[in-house]
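Shown next: final-v4.cif, containing mmCIF, C-alpha atoms and all ligand atoms.
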```cif
data_final
#
loop_
_atom_site.label_atom_id
_atom_site.label_comp_id
_atom_site.auth_asym_id
_atom_site.auth_seq_id
_atom_site.Cartn_x
_atom_site.Cartn_y
_atom_site.Cartn_z
CA MET A 17 -30.82 86.79 -87.39
CA GLU A 18 -30.76 90.32 -88.73
CA GLU A 19 -28.63 89.18 -91.63
CA ARG A 20 -31.13 86.35 -92.35
CA ILE A 21 -33.99 88.92 -92.30
CA TYR A 22 -32.03 91.28 -94.62
CA ALA A 23 -31.15 88.33 -96.80
CA ASN A 24 -34.87 87.38 -97.00
CA VAL A 25 -35.84 91.00 -97.69
CA SER A 26 -33.09 91.38 -100.38
CA SER A 27 -34.11 88.17 -102.07
CA THR A 28 -37.79 89.25 -101.88
CA GLU A 29 -36.96 92.74 -103.24
CA LEU A 30 -34.83 91.31 -105.99
CA SER A 31 -37.62 88.98 -107.00
CA GLY A 32 -40.26 91.86 -106.64
CA ILE A 33 -38.11 94.38 -108.65
CA ASP A 34 -37.72 91.91 -111.46
CA ARG A 35 -41.53 91.58 -111.53
CA GLU A 36 -42.22 95.36 -110.99
CA GLU A 37 -40.22 96.24 -114.04
CA ASN A 38 -43.45 95.37 -115.66
CA GLN A 39 -45.93 96.56 -112.99
CA ASP A 40 -45.02 100.12 -111.62
CA THR A 41 -48.13 100.61 -109.50
CA ARG A 42 -47.81 97.41 -107.82
CA THR A 43 -44.27 98.36 -107.25
CA LYS A 44 -44.99 101.44 -105.33
CA ARG A 45 -47.50 99.71 -103.10
CA MET A 46 -45.13 96.99 -102.68
CA GLN A 47 -42.52 99.51 -101.66
CA GLN A 48 -44.82 100.95 -99.06
CA THR A 49 -45.72 97.53 -97.81
CA VAL A 50 -42.05 96.73 -97.64
CA VAL A 51 -41.40 99.87 -95.64
CA LYS A 52 -44.16 98.97 -93.21
CA ALA A 53 -42.93 95.41 -92.99
CA THR A 54 -39.46 96.70 -92.43
CA ASN A 55 -40.65 98.83 -89.54
CA ARG A 56 -42.54 95.92 -87.99
CA ARG A 57 -39.48 93.76 -88.41
CA SER A 58 -37.32 96.38 -86.75
CA ARG A 59 -39.57 96.50 -83.79
CA LEU A 60 -39.74 92.75 -83.70
CA ALA A 61 -36.00 92.70 -83.88
CA VAL A 62 -35.73 95.15 -81.01
CA VAL A 63 -38.16 93.02 -79.00
CA CYS A 64 -36.23 89.98 -79.92
CA MET A 65 -33.02 91.72 -78.96
CA GLY A 66 -34.52 92.63 -75.57
CA LEU A 67 -35.72 89.11 -75.09
CA LEU A 68 -32.33 87.88 -76.07
CA CYS A 69 -30.71 90.26 -73.58
CA VAL A 70 -33.03 89.05 -70.84
CA LEU A 71 -32.36 85.54 -71.85
CA LEU A 72 -28.64 86.21 -71.84
CA MET A 73 -28.77 87.80 -68.43
CA THR A 74 -30.83 84.95 -67.09
CA THR A 75 -28.38 82.57 -68.60
CA ASN A 76 -25.49 84.48 -67.00
CA VAL A 77 -27.24 84.41 -63.62
CA VAL A 78 -27.90 80.72 -63.97
CA LEU A 79 -24.35 80.12 -65.05
CA TYR A 80 -23.06 82.19 -62.15
CA MET A 81 -25.22 80.19 -59.72
CA TYR A 82 -24.04 77.03 -61.37
CA TYR A 83 -20.47 78.28 -61.11
CA ILE A 84 -20.94 78.99 -57.36
CA ASN A 85 -22.33 75.53 -56.81
CA VAL A 86 -19.57 73.97 -58.87
CA LYS A 87 -17.00 75.91 -56.86
CA GLU A 88 -18.51 74.79 -53.58
CA GLU A 89 -18.62 71.26 -54.85
CA LYS A 90 -15.05 71.60 -55.99
CA ASN A 91 -13.97 72.82 -52.52
CA SER A 92 -15.91 70.04 -50.96
CA LEU A 93 -14.34 67.56 -53.34
CA ALA A 94 -10.90 68.98 -52.60
CA GLN A 95 -11.51 68.53 -48.87
CA THR A 96 -12.80 65.06 -49.45
CA ILE A 97 -9.79 64.24 -51.63
CA PHE A 98 -7.46 65.64 -48.96
CA SER A 99 -9.17 63.63 -46.29
CA LEU A 100 -9.15 60.58 -48.52
CA ARG A 101 -5.49 61.11 -49.27
CA ALA A 102 -4.70 61.37 -45.54
CA ASN A 103 -6.74 58.24 -44.88
CA PHE A 104 -5.15 56.58 -47.82
CA THR A 105 -1.65 57.41 -46.48
CA ALA A 106 -2.48 56.07 -43.04
CA GLU A 107 -4.06 52.97 -44.55
CA ARG A 108 -1.10 52.58 -46.83
CA GLU A 109 1.25 52.72 -43.82
CA THR A 110 -0.93 50.23 -42.01
CA LEU A 111 -1.00 47.99 -45.05
CA LEU A 112 2.76 48.28 -45.45
CA SER A 113 3.19 47.34 -41.78
CA SER A 114 0.78 44.45 -42.26
CA ILE A 115 2.67 43.40 -45.35
CA ARG A 116 5.93 43.49 -43.42
CA ASN A 117 4.36 41.45 -40.60
CA LEU A 118 2.88 39.06 -43.10
CA THR A 119 6.25 38.76 -44.77
CA GLU A 120 7.89 37.92 -41.44
CA GLU A 121 5.10 35.49 -40.64
CA LYS A 122 5.48 34.01 -44.09
CA ASP A 123 9.22 33.55 -43.45
CA GLN A 124 8.50 31.99 -40.05
CA LEU A 125 5.85 29.79 -41.59
CA LYS A 126 8.23 28.81 -44.31
CA SER A 127 10.85 27.91 -41.68
CA SER A 128 8.23 26.03 -39.65
CA TYR A 129 7.07 24.33 -42.78
CA GLN A 130 10.60 23.19 -43.51
CA ASN A 131 11.05 21.96 -39.94
CA LEU A 132 7.71 20.20 -40.12
CA THR A 133 8.68 18.68 -43.41
CA GLU A 134 11.91 17.37 -41.90
CA GLU A 135 10.06 16.11 -38.84
CA LYS A 136 7.46 14.54 -41.08
CA ASP A 137 10.20 12.77 -43.03
CA GLN A 138 11.83 11.63 -39.80
CA ILE A 139 8.48 10.45 -38.42
CA ASN A 140 7.71 8.75 -41.68
CA LYS A 141 11.04 6.97 -41.52
CA THR A 142 10.50 5.95 -37.88
CA LEU A 143 6.93 4.92 -38.52
CA THR A 144 7.95 2.88 -41.49
CA LYS A 145 10.58 1.11 -39.44
CA GLU A 146 8.14 0.53 -36.58
CA ARG A 147 5.50 -0.61 -39.02
CA ASP A 148 7.92 -3.18 -40.44
CA GLN A 149 8.82 -4.36 -36.95
CA LEU A 150 5.16 -4.53 -35.98
CA ARG A 151 4.37 -6.40 -39.13
CA SER A 152 7.11 -8.89 -38.33
CA ARG A 153 5.90 -9.25 -34.75
CA TYR A 154 2.35 -9.57 -35.96
CA GLN A 155 3.37 -12.42 -38.19
CA ASN A 156 5.23 -14.09 -35.33
CA LEU A 157 2.25 -13.61 -33.05
CA THR A 158 -0.05 -14.99 -35.67
CA GLU A 159 2.11 -18.10 -35.94
CA GLU A 160 2.25 -18.41 -32.17
CA LYS A 161 -1.50 -17.93 -31.96
CA ASP A 162 -2.05 -20.69 -34.48
CA GLN A 163 0.27 -22.96 -32.52
CA ILE A 164 -1.46 -22.10 -29.24
CA ASN A 165 -4.85 -22.61 -30.83
CA LYS A 166 -3.77 -26.00 -32.03
CA THR A 167 -2.40 -26.95 -28.59
CA LEU A 168 -5.45 -25.57 -26.79
CA THR A 169 -7.80 -27.41 -29.08
CA LYS A 170 -5.97 -30.64 -28.37
CA GLU A 171 -5.99 -29.97 -24.62
CA ARG A 172 -9.63 -29.00 -24.76
CA ASP A 173 -10.50 -32.28 -26.41
CA GLN A 174 -8.52 -34.16 -23.80
CA LEU A 175 -10.17 -32.18 -21.00
CA ARG A 176 -13.57 -32.78 -22.52
CA SER A 177 -12.90 -36.49 -22.59
CA ARG A 178 -11.64 -36.43 -19.01
CA TYR A 179 -14.63 -34.32 -17.99
CA GLN A 180 -16.98 -36.92 -19.44
CA ASN A 181 -15.14 -39.69 -17.63
CA LEU A 182 -15.22 -37.70 -14.40
CA THR A 183 -18.92 -37.00 -14.85
CA GLU A 184 -19.59 -40.70 -15.19
CA GLU A 185 -17.40 -41.42 -12.16
CA LYS A 186 -19.15 -38.69 -10.23
CA ASP A 187 -22.55 -40.16 -11.03
CA GLN A 188 -21.33 -43.57 -9.93
CA ILE A 189 -19.87 -42.10 -6.74
CA ASN A 190 -23.05 -40.15 -6.10
CA LYS A 191 -25.07 -43.30 -6.41
CA THR A 192 -22.73 -45.21 -4.10
CA LEU A 193 -22.60 -42.35 -1.61
CA THR A 194 -26.37 -42.02 -1.58
CA GLU A 195 -26.71 -45.69 -0.73
CA GLU A 196 -24.00 -45.44 1.92
CA ARG A 197 -25.58 -42.30 3.30
CA ASP A 198 -28.92 -44.05 3.64
CA GLN A 199 -27.24 -46.98 5.39
CA LEU A 200 -25.30 -44.62 7.63
CA TRP A 201 -28.44 -42.66 8.40
CA SER A 202 -30.17 -45.84 9.43
CA ARG A 203 -27.19 -46.87 11.55
CA TYR A 204 -27.02 -43.33 12.98
CA GLN A 205 -30.61 -43.51 14.09
CA ASN A 206 -29.99 -46.89 15.67
CA LEU A 207 -26.92 -45.49 17.38
CA ILE A 208 -28.93 -42.53 18.64
CA LYS A 209 -31.37 -44.94 20.23
CA GLU A 210 -28.52 -46.97 21.70
CA LYS A 211 -26.85 -43.81 22.92
CA ASP A 212 -30.03 -42.70 24.66
CA GLN A 213 -30.25 -46.07 26.35
CA ILE A 214 -26.57 -45.93 27.30
CA ASP A 215 -26.97 -42.35 28.52
CA LYS A 216 -29.81 -43.43 30.69
CA ALA A 217 -27.86 -46.39 32.06
CA LEU A 218 -24.75 -44.27 32.56
CA THR A 219 -26.71 -41.56 34.32
CA GLU A 220 -28.05 -44.16 36.72
CA GLU A 221 -24.58 -45.59 37.20
CA ARG A 222 -23.10 -42.13 37.64
CA ASP A 223 -25.64 -41.30 40.32
CA GLN A 224 -24.87 -44.58 42.05
CA LEU A 225 -21.12 -43.93 41.74
CA ARG A 226 -21.54 -40.39 42.99
CA SER A 227 -23.39 -41.68 46.01
CA ARG A 228 -20.69 -44.33 46.58
CA TYR A 229 -17.98 -41.70 46.04
CA GLN A 230 -19.49 -39.46 48.68
CA ASN A 231 -19.68 -42.42 51.03
CA LEU A 232 -16.04 -43.23 50.25
CA ILE A 233 -15.04 -39.59 50.90
CA LYS A 234 -16.71 -39.79 54.26
CA GLU A 235 -14.98 -43.11 54.97
CA LYS A 236 -11.63 -41.67 53.81
CA ASP A 237 -12.02 -38.69 56.12
CA GLN A 238 -12.80 -41.03 59.01
CA ILE A 239 -9.78 -43.22 58.13
CA ASN A 240 -7.56 -40.11 57.74
CA ARG A 241 -8.56 -38.89 61.13
CA ALA A 242 -7.92 -42.34 62.61
CA LEU A 243 -4.56 -42.61 60.84
CA THR A 244 -3.51 -39.12 61.93
CA GLU A 245 -4.27 -40.03 65.49
CA GLU A 246 -2.35 -43.31 65.11
CA ARG A 247 0.59 -41.58 63.43
CA GLU A 248 0.84 -39.04 66.21
CA GLN A 249 0.78 -41.82 68.74
CA LEU A 250 3.45 -43.76 66.80
CA ARG A 251 5.62 -40.67 66.33
CA SER A 252 5.53 -40.02 70.02
CA ARG A 253 6.38 -43.65 70.77
CA TYR A 254 9.16 -43.62 68.07
CA GLN A 255 10.75 -40.49 69.44
CA ASN A 256 10.73 -41.97 72.88
CA LEU A 257 12.29 -45.21 71.58
CA ILE A 258 14.93 -43.32 69.52
CA LYS A 259 15.94 -41.38 72.56
CA GLU A 260 16.01 -44.57 74.63
CA ILE A 261 18.51 -46.27 72.20
CA GLY A 262 20.89 -43.29 72.05
CA TRP A 263 19.72 -41.18 69.02
CA LYS A 264 19.82 -37.44 69.31
CA LYS A 265 17.37 -35.01 67.77
CA PHE A 266 18.45 -31.78 66.08
CA GLY A 267 16.22 -29.77 63.81
CA SER A 268 14.08 -32.16 61.80
CA SER A 269 16.65 -35.03 61.95
CA PHE A 270 17.77 -37.71 64.40
CA TYR A 271 21.43 -38.66 64.69
CA TYR A 272 23.10 -41.90 65.87
CA ILE A 273 26.59 -41.31 67.20
CA SER A 274 28.57 -44.56 67.37
CA THR A 275 30.59 -45.66 70.32
CA GLU A 276 32.73 -48.04 68.20
CA GLN A 277 35.26 -47.32 65.43
CA LYS A 278 35.18 -48.82 61.92
CA SER A 279 36.37 -48.06 58.36
CA TRP A 280 34.26 -45.59 56.29
CA ILE A 281 32.65 -48.48 54.30
CA GLU A 282 31.79 -50.51 57.42
CA ALA A 283 30.48 -47.44 59.18
CA ARG A 284 28.17 -46.73 56.27
CA LYS A 285 26.99 -50.36 56.27
CA ASP A 286 26.03 -49.98 59.93
CA CYS A 287 23.94 -46.91 59.12
CA ILE A 288 22.26 -48.69 56.17
CA LYS A 289 21.48 -51.61 58.46
CA ARG A 290 19.65 -49.13 60.68
CA GLY A 291 17.58 -48.01 57.67
CA VAL A 292 19.45 -44.67 57.21
CA ASP A 293 22.86 -43.46 55.91
CA LEU A 294 25.91 -41.50 57.03
CA VAL A 295 25.25 -37.89 57.98
CA ILE A 296 24.90 -35.26 55.26
CA ILE A 297 25.76 -31.81 56.56
CA ASN A 298 23.40 -29.36 54.86
CA SER A 299 23.83 -26.24 56.98
CA ARG A 300 26.07 -24.30 59.23
CA GLU A 301 23.83 -25.18 62.21
CA GLU A 302 24.11 -28.91 61.44
CA GLN A 303 27.92 -28.53 61.14
CA GLU A 304 28.03 -26.89 64.56
CA PHE A 305 25.82 -29.66 66.01
CA ILE A 306 28.23 -32.38 64.72
CA LYS A 307 31.27 -30.44 65.98
CA LYS A 308 29.77 -30.13 69.44
CA GLN A 309 29.65 -33.95 69.76
CA ASN A 310 33.45 -33.59 70.13
CA LYS A 311 34.25 -36.93 68.47
CA TYR A 312 36.39 -38.19 65.60
CA VAL A 313 33.67 -39.41 63.15
CA TRP A 314 33.11 -40.29 59.50
CA ILE A 315 30.63 -38.13 57.61
CA GLY A 316 28.81 -39.18 54.43
CA LEU A 317 31.22 -37.39 51.99
CA SER A 318 33.77 -38.99 49.61
CA ASP A 319 35.61 -38.56 46.27
CA THR A 320 36.02 -42.25 45.52
CA GLU A 321 34.28 -42.06 42.15
CA ARG A 322 36.48 -39.26 40.79
CA GLU A 323 39.45 -37.71 42.53
CA GLY A 324 38.72 -34.14 43.68
CA VAL A 325 34.95 -34.34 43.00
CA TRP A 326 33.30 -34.65 46.42
CA LYS A 327 29.83 -36.11 46.67
CA TRP A 328 27.43 -36.85 49.51
CA VAL A 329 26.11 -40.38 50.01
CA ASP A 330 22.76 -39.46 48.35
CA GLY A 331 24.69 -38.48 45.15
CA SER A 332 24.30 -34.70 45.60
CA PRO A 333 27.40 -32.52 45.00
CA LEU A 334 29.21 -30.65 47.76
CA THR A 335 28.17 -27.00 47.81
CA THR A 336 28.98 -25.66 51.28
CA ALA A 337 32.17 -27.09 52.80
CA PHE A 338 33.74 -26.81 56.25
CA TRP A 339 37.27 -28.13 55.54
CA LYS A 340 40.15 -27.56 57.94
CA SER A 341 42.81 -25.19 56.70
CA GLY A 342 45.00 -26.97 54.10
CA GLU A 343 42.46 -29.76 53.54
CA PRO A 344 41.57 -31.68 51.46
CA ASN A 345 45.19 -32.45 50.61
CA SER A 346 44.80 -36.08 49.37
CA ASN A 347 47.90 -37.05 51.23
CA GLY A 348 48.46 -40.51 49.76
CA GLU A 349 45.06 -42.06 48.98
CA GLU A 350 42.54 -40.01 50.96
CA ASP A 351 39.01 -40.31 49.57
CA CYS A 352 36.75 -40.20 52.67
CA ALA A 353 35.86 -37.22 54.83
CA ASP A 354 35.93 -37.09 58.61
CA SER A 355 35.18 -34.46 61.18
CA PHE A 356 37.26 -33.98 64.31
CA SER A 357 37.59 -31.50 67.09
CA ALA A 358 39.30 -28.31 66.23
CA THR A 359 39.46 -24.81 67.48
CA SER A 360 37.02 -23.55 64.88
CA LEU A 361 33.42 -24.74 64.75
CA LEU A 362 33.35 -24.30 60.97
CA GLN A 363 36.73 -25.85 60.01
CA THR A 364 36.66 -29.49 61.13
CA TRP A 365 36.73 -31.64 57.96
CA ASN A 366 39.72 -33.62 56.66
CA ASP A 367 40.17 -36.12 53.85
CA ALA A 368 41.57 -39.39 55.15
CA SER A 369 42.16 -42.93 54.03
CA CYS A 370 38.81 -44.75 53.90
CA SER A 371 40.30 -47.74 55.72
CA ASN A 372 41.10 -45.66 58.80
CA GLN A 373 39.19 -46.55 61.95
CA ALA A 374 36.84 -43.87 63.27
CA GLY A 375 33.47 -43.37 64.82
CA TRP A 376 30.57 -42.34 62.64
CA VAL A 377 27.30 -40.44 62.64
CA CYS A 378 24.13 -41.77 61.02
CA GLU A 379 21.35 -39.34 60.12
CA SER A 380 17.65 -40.10 59.89
CA THR A 381 15.68 -37.54 57.95
CA LEU A 382 12.37 -39.39 58.25
CA PRO A 383 9.57 -36.95 59.00
CA TYR A 384 8.95 -38.18 62.56
CA CA B 1 21.75 -33.54 57.31
CA CA B 2 40.88 -38.08 47.53
CA CA B 3 43.82 -35.07 54.55
#
```

Hey, can you dump this file as structure tokens for me?
Amino acid sequence: MEERIYANVSSTELSGIDREENQDTRTKRMQQTVVKATNRRSRLAVVCMGLLCVLLMTTNVVLYMYYINVKEEKNSLAQTIFSLRANFTAERETLLSSIRNLTEEKDQLKSSYQNLTEEKDQINKTLTKERDQLRSRYQNLTEEKDQINKTLTKERDQLRSRYQNLTEEKDQINKTLTEERDQLWSRYQNLIKEKDQIDKALTEERDQLRSRYQNLIKEKDQINRALTEEREQLRSRYQNLIKEIGWKKFGSSFYYISTEQKSWIEARKDCIKRGVDLVIINSREEQEFIKKQNKYVWIGLSDTEREGVWKWVDGSPLTTAFWKSGEPNSNGEEDCADSFSATSLLQTWNDASCSNQAGWVCESTLPY
């Protein structure tokens, strides 16, 4: 600045000196003016210098303040960068871990994808095969369906025809049945009337019959009483007569003990002539009764029909026997049984020849 001022002054002086070579007075005043101007410029320069110093100091202060701020900002930035770096490291580790996991997952997915691809191929193959089979079956079913449809249509037509025939028959039957029903209804009503008349007649007859039945019951009771009285009288008279002609009573039977002797056949004929038959010994008591007669007699027992099979004269088999010891021995031809005295009451029978002569016992089991 000072140099510019001196440069201006020098140029001005040079130009003024050139002109003052001709004008000395003006030169002296000009020199004085220049001195004054130089003084003012010096002061101005000093002021300017002071202002510049102040300005410089202010600038330094501002720069210092700016420097402080920049330093603080730098520290702050350094801390931020450090923090960011730490975060970045952690995030980088996390990302690396994620990448590793993703890589593993990618490998697994790739493996799964391959498996799925194989399965898909297998399924495709199976499905294709099944689809072909189904297509074949579908065609078969379609043919069968067509056949069935054809058959069913034919049957339906036949059934429709039969249905029409049956409907006509049904109408005819309905008509016939309605007529028959009306006739039957008419006959039923007539029968109802007849039945009522018959019921009435039968009721009257029933009442008459009931009355006659009661009368008959009374008559029957009277006859029963009379017959009972007569039977008792006859029984008494019969018992007396039986005793008079030599019959003996034991238990509920009467016995005829002969005084003659005949063969077994003739003896039985005699009993039959008397309306009875040879004795049948049914109990131990009856056996003892016969034994106590102390006679050699035929009894109604024989094995003439079949050897060894003894039967009573009424056809019943022998169940309780009172043979002597060693009998029956069928010594020769011995088919008829007799009873004779012996030491034991219960061992008196013997098989003997039917043509032998012996007494006999007839038994009457009539309820007298
Ligand atoms: Ca008897
Ligand atoms: Ca015999
Ligand atoms: Ca014998």

Task: Closest of A:Lys311, A:Lys327, A:Arg59, A:Arg322 to ligand CA 2 (chain B) - atom-to-atom distances counting only C-alpha atoms and all ligand atoms - done: A:Arg322

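The spacing separating CA of Gln303 (chain A) from CA of Arg253 (chain A) amounts to 28.0 Å.
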
TODO: Please identify all polymer residues within 9 Å of Asn345 (chain A), counting only C-alpha atoms, omitting same-chain residues fewer than 5 positions from it, and present them as a list in words.
DONE: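 Contacts, with the query itself left out: Glu350, Asn366 and Asp367 of chain A.
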
Would you export the selected residues with C-alpha atoms as a compact mmCIF listing (two decimals), in the coordinates of the input, please?
```txt
# COMPACT_ATOMS: atom_id res chain seq x y z
CA GLU A 350 42.54 -40.01 50.96
CA ASN A 366 39.72 -33.62 56.66
CA ASP A 367 40.17 -36.12 53.85
```

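Residue neighbourhood of Tyr312 (chain A), excluding near-sequence residues (fewer than 5 positions): Gln277, Lys307, Asp354, Ser355, Phe356, Ser357, Thr364, Gln373, Ala374, Gly375, Trp376 and Val377 of chain A, at 10 Å, using all atoms listed in the file.
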
Export C-alpha atoms of the chosen residues as a PDB file, keeping the file's coordinate frame?
```pdb
ATOM      1  CA  GLN A 277      35.260 -47.320  65.430  1.00  0.00           C
ATOM      2  CA  LYS A 307      31.270 -30.440  65.980  1.00  0.00           C
ATOM      3  CA  ASP A 354      35.930 -37.090  58.610  1.00  0.00           C
ATOM      4  CA  SER A 355      35.180 -34.460  61.180  1.00  0.00           C
ATOM      5  CA  PHE A 356      37.260 -33.980  64.310  1.00  0.00           C
ATOM      6  CA  SER A 357      37.590 -31.500  67.090  1.00  0.00           C
ATOM      7  CA  THR A 364      36.660 -29.490  61.130  1.00  0.00           C
ATOM      8  CA  GLN A 373      39.190 -46.550  61.950  1.00  0.00           C
ATOM      9  CA  ALA A 374      36.840 -43.870  63.270  1.00  0.00           C
ATOM     10  CA  GLY A 375      33.470 -43.370  64.820  1.00  0.00           C
ATOM     11  CA  TRP A 376      30.570 -42.340  62.640  1.00  0.00           C
ATOM     12  CA  VAL A 377      27.300 -40.440  62.640  1.00  0.00           C
TER      13      VAL A 377
END
```

Would you write out, as a Markdown table, a table of all residues in chain A that have an atom no more than 6 Å from an atom of ligand CA 1 (chain B), listing for each the closest atom pair and the distance in Å to one decimal, considering all atoms listed in the file and ordering rows by chain and rising residue number?
```
| residue | atom | partner | partner_atom | distance |
| --- | --- | --- | --- | --- |
| A:Val295 | CA | B:CA1 | CA | 5.6 |
| A:Ile296 | CA | B:CA1 | CA | 4.1 |
| A:Ile297 | CA | B:CA1 | CA | 4.4 |
| A:Asn298 | CA | B:CA1 | CA | 5.1 |
```

To box region 355-371 of chain A, take all atoms listed in the file, fit an axis-aligned box, add 4 Å on each side, and give centre and edge lengths in Å to one decimal, as AutoDock Vina command-line options.
```
--center_x 37.8 --center_y -35.6 --center_z 60.7 --size_x 16.8 --size_y 32.2 --size_z 21.6
```

TODO: Pick out the residues no farther than 10 Å from ligand CA 3 (chain B), counting all atoms listed in the file, and list them as a ChimeraX atom specification.
DONE: /A:339-340,342-354,365-369

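Going from CA of Asn256 (chain A) to CA of Arg300 (chain A) covers 27.1 Å.
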
TODO: Go through A:Cys370, A:Ile261, A:Ile306, A:Ile281 one by one, measure the shortest atom-to-atom distance of each to ligand CA 2 (chain B) using all atoms listed in the file, and give the residue with the smallest value.
DONE: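 Residue with the minimum atom-to-atom distance to ligand CA 2 (chain B): A:Cys370.
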
So which residues touch Cys287 (chain A) within 12 Å, counting only C-alpha atoms, skipping near sequence neighbours fewer than 5 positions away, as an mmCIF file with C-alpha atoms, in the coordinates of the input?
```cif
data_model
loop_
_atom_site.group_PDB
_atom_site.id
_atom_site.type_symbol
_atom_site.label_atom_id
_atom_site.label_comp_id
_atom_site.auth_asym_id
_atom_site.auth_seq_id
_atom_site.Cartn_x
_atom_site.Cartn_y
_atom_site.Cartn_z
ATOM 1 C CA TYR A 271 21.430 -38.660 64.690
ATOM 2 C CA TYR A 272 23.100 -41.900 65.870
ATOM 3 C CA ILE A 273 26.590 -41.310 67.200
ATOM 4 C CA SER A 274 28.570 -44.560 67.370
ATOM 5 C CA LYS A 278 35.180 -48.820 61.920
ATOM 6 C CA TRP A 280 34.260 -45.590 56.290
ATOM 7 C CA ILE A 281 32.650 -48.480 54.300
ATOM 8 C CA GLU A 282 31.790 -50.510 57.420
ATOM 9 C CA VAL A 292 19.450 -44.670 57.210
ATOM 10 C CA ASP A 293 22.860 -43.460 55.910
ATOM 11 C CA LEU A 294 25.910 -41.500 57.030
ATOM 12 C CA VAL A 295 25.250 -37.890 57.980
ATOM 13 C CA TRP A 314 33.110 -40.290 59.500
ATOM 14 C CA ILE A 315 30.630 -38.130 57.610
ATOM 15 C CA GLY A 316 28.810 -39.180 54.430
ATOM 16 C CA VAL A 329 26.110 -40.380 50.010
ATOM 17 C CA GLY A 375 33.470 -43.370 64.820
ATOM 18 C CA TRP A 376 30.570 -42.340 62.640
ATOM 19 C CA VAL A 377 27.300 -40.440 62.640
ATOM 20 C CA CYS A 378 24.130 -41.770 61.020
ATOM 21 C CA GLU A 379 21.350 -39.340 60.120
ATOM 22 C CA SER A 380 17.650 -40.100 59.890
#
```

Task: Which of A:Glu246, A:Asp187, A:Glu321, A:Asp330 sits closest to ligand CA 2 (chain B) [using all atoms listed in the file] - done: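 Of the candidates, the smallest distance to ligand CA 2 (chain B) is held by A:Glu321.
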
TODO: One decimal, Å: what's the distance from CA of Met73 (chain A) over to CA of Ser58 (chain A), could you say?
DONE: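 Separating CA of Met73 (chain A) from CA of Ser58 (chain A) is a distance of 22.0 Å.
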
Have region 89-101 of chain A completed to N, CA and C atoms, please, and pass it along as a short mmCIF file (atom, residue, chain, number, x, y, z; two decimals), in the coordinates of the input.
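As a result, out-v8.cif now contains:
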```cif
data_model
loop_
_atom_site.label_atom_id
_atom_site.label_comp_id
_atom_site.auth_asym_id
_atom_site.auth_seq_id
_atom_site.Cartn_x
_atom_site.Cartn_y
_atom_site.Cartn_z
N GLU A 89 -18.82 72.71 -54.73
CA GLU A 89 -18.62 71.26 -54.85
C GLU A 89 -17.15 70.91 -55.02
N LYS A 90 -16.46 71.85 -55.78
CA LYS A 90 -15.05 71.60 -55.99
C LYS A 90 -14.27 71.64 -54.67
N ASN A 91 -14.62 72.73 -53.84
CA ASN A 91 -13.97 72.82 -52.52
C ASN A 91 -14.24 71.57 -51.69
N SER A 92 -15.53 71.23 -51.74
CA SER A 92 -15.91 70.04 -50.96
C SER A 92 -15.15 68.80 -51.42
N LEU A 93 -15.07 68.70 -52.79
CA LEU A 93 -14.34 67.56 -53.34
C LEU A 93 -12.87 67.59 -52.95
N ALA A 94 -12.32 68.87 -52.97
CA ALA A 94 -10.90 68.98 -52.60
C ALA A 94 -10.68 68.53 -51.16
N GLN A 95 -11.64 68.97 -50.28
CA GLN A 95 -11.51 68.53 -48.87
C GLN A 95 -11.62 67.02 -48.77
N THR A 96 -12.60 66.52 -49.51
CA THR A 96 -12.80 65.06 -49.45
C THR A 96 -11.57 64.33 -49.94
N ILE A 97 -10.99 64.89 -51.08
CA ILE A 97 -9.79 64.24 -51.63
C ILE A 97 -8.65 64.30 -50.63
N PHE A 98 -8.53 65.50 -49.95
CA PHE A 98 -7.46 65.64 -48.96
C PHE A 98 -7.61 64.62 -47.84
N SER A 99 -8.90 64.58 -47.37
CA SER A 99 -9.17 63.63 -46.29
C SER A 99 -8.90 62.20 -46.73
N LEU A 100 -9.37 61.93 -48.00
CA LEU A 100 -9.15 60.58 -48.52
C LEU A 100 -7.66 60.27 -48.66
N ARG A 101 -6.92 61.33 -49.09
CA ARG A 101 -5.49 61.11 -49.27
C ARG A 101 -4.82 60.80 -47.94
#
```
